[in-house]
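To start, the structure itself, in structure tokens.
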Amino acid sequence: MTLGFGDHTLEAVVFDIDDVLVPFLSVRSWQWAWRPQGPVLGERRTQTALRRSARAWDRRRWLGLTGKAPPADVPALREHLGATLRAVAGHAVPPEESEAVVRRMLHPAGEVERFPDVGPALERLGRTGVKLAALTPLPEESASWLLRRSGLPNLPLLGAGDRAGPSVPSREAFRSAADALGLPPERVAFVGDLYWSDVHAAQRAGLVGLLLDRAGLWPHLRAGRIVTLADVEGALASAGEPAAPVGGPSGAGAGAGAGSSGDFL
């Protein structure tokens, strides 16, 4: 069996981790990290804050990639998570409390939930014979912890935000991941949850980019968009051309359609 894309076949599928394999910007995650004993976070208000956070992080990473801002490294990620906490809280949070919440977000205790479509998708893709791996801007310790605690310890981690060398969304990092798989970039698909800094960045590096839009943030993409991993094979087989959004990374055209994964965003 093979995995097709346009007029050629793919030999590997690489996944982002947060919000692709495991929930990260979810109401439940932030409830646990900030207010595990209550009060319960307001669902609608928190979802709105997290939607804005996702789009802001996509824009921040893209600006770093294009040289209009410093690269969005791990310290930038921690700063972004602190800003997300302020948005969720609706007020400034003391630095000590904010740092504790960010630590819990990056290193959650106990078993880590994963999306229910992950296991079946990996099993199906594995039967096609393609290579499977993960690639993330998260710190390596956090990424390895999330994979292990969510039951995916054998999924190879090709890159993380604090490893030596380039990290995603740089062109070099995506191509380095393809090299690690022993494949040319055009034989590798990358599945991410952000359009500009995941999917478009992967495409710029020569990979096939596929957007997993669980939160419905990019409903106007013409192709290359799915809302569940159950649709990976079909979307790749019919994609043909890269997805093209309406608007740009500033958020224009990023609609707020309904998600498909419970409390995610």
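Chain labels follow the order of the structure tokens: the first chain is A, the next B, and so on; residue numbering restarts at 1 in every chain, and ligands are counted from 1 in their shown order.
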
Inset, instruction - Would you mind listing what lies within 9 Å of Leu25 (chain A) as a ChimeraX atom specification, with only C-alpha atoms counted and same-chain residues fewer than 4 positions away left out? - result: /A:18-19,29-30,47,50-51,53-54,264-265

Writing out the chosen residues with C-alpha atoms as a short mmCIF file (atom, residue, chain, number, x, y, z; two decimals), in the first residue's frame:
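result.cif written:
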data_model
loop_
_atom_site.label_atom_id
_atom_site.label_comp_id
_atom_site.auth_asym_id
_atom_site.auth_seq_id
_atom_site.Cartn_x
_atom_site.Cartn_y
_atom_site.Cartn_z
CA ASP A 18 0.43 20.12 20.67
CA ASP A 19 -3.16 20.42 19.47
CA SER A 29 -5.69 22.04 30.01
CA TRP A 30 -5.81 25.60 31.28
CA GLN A 47 -12.50 29.54 24.31
CA LEU A 50 -7.61 30.60 23.40
CA ARG A 51 -8.71 31.16 19.82
CA SER A 53 -3.97 33.03 21.46
CA ALA A 54 -3.64 30.45 18.68
CA PHE A 264 -10.61 22.36 22.33
CA LEU A 265 -10.42 26.10 21.78
#

Legend entry - Test item: residues at most 9 Å from region 232-237 of chain A, only C-alpha atoms, excluding those fewer than 4 positions along its chain, as a PyMOL selection string: chain A and resi 3-6+121+125+189+191+208+210+212+223-226+228

Using the selection just defined, write its residues with C-alpha atoms as a compact mmCIF listing (two decimals), in the first residue's frame.
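Listed below is the output, part.txt:
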# COMPACT_ATOMS: atom_id res chain seq x y z
CA LEU A 3 0.02 7.06 0.42
CA GLY A 4 -0.60 9.30 -2.55
CA PHE A 5 -0.43 13.04 -3.07
CA GLY A 6 -1.14 14.42 -6.52
CA ALA A 121 -4.98 7.26 12.33
CA LEU A 125 -1.03 5.04 8.28
CA ALA A 189 3.84 15.32 4.70
CA VAL A 191 0.42 17.80 9.74
CA VAL A 208 3.52 18.59 1.73
CA LEU A 210 -1.76 19.48 5.75
CA LEU A 212 -5.57 19.89 11.01
CA ALA A 223 -7.71 22.52 -0.02
CA GLY A 224 -5.35 20.77 2.34
CA ARG A 225 -7.56 21.26 5.41
CA ILE A 226 -9.09 18.59 7.64
CA THR A 228 -10.04 15.16 12.08

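Proximity to Thr84 (chain A) was assessed for A:Thr48, A:Leu63, A:Ala215, A:Pro153 counting only C-alpha atoms; the smallest distance is recorded for A:Thr48.
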
Legend entry - Coordinates-based distance that separates CA of Val13 (chain A) from CA of Arg222 (chain A) (Å, one decimal): 21.2 Å

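Near region 72-77 of chain A, within a cut-off of 9 Å and counting only C-alpha atoms, sit the residues Trp57, Arg60, Arg61, Trp62, Leu63, Gly64, Leu65, Pro137, Leu138, Pro139, Gly161, Asp162, Ser167 and Pro169 of chain A, with same-chain residues fewer than 6 positions away left out.
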
Can you write out the residues you just picked, keeping C-alpha atoms, as a compact mmCIF listing (two decimals), in the first residue's frame?
# COMPACT_ATOMS: atom_id res chain seq x y z
CA TRP A 57 1.12 32.56 18.17
CA ARG A 60 4.36 35.62 16.07
CA ARG A 61 6.08 32.53 14.67
CA TRP A 62 5.54 33.71 11.10
CA LEU A 63 7.03 37.13 11.83
CA GLY A 64 10.04 35.40 13.34
CA LEU A 65 10.37 33.18 10.29
CA PRO A 137 8.69 23.77 18.65
CA LEU A 138 8.07 22.62 22.25
CA PRO A 139 11.08 22.00 24.52
CA GLY A 161 12.50 23.89 20.14
CA ASP A 162 15.57 23.70 22.35
CA SER A 167 13.98 24.57 14.89
CA PRO A 169 9.19 26.76 11.52
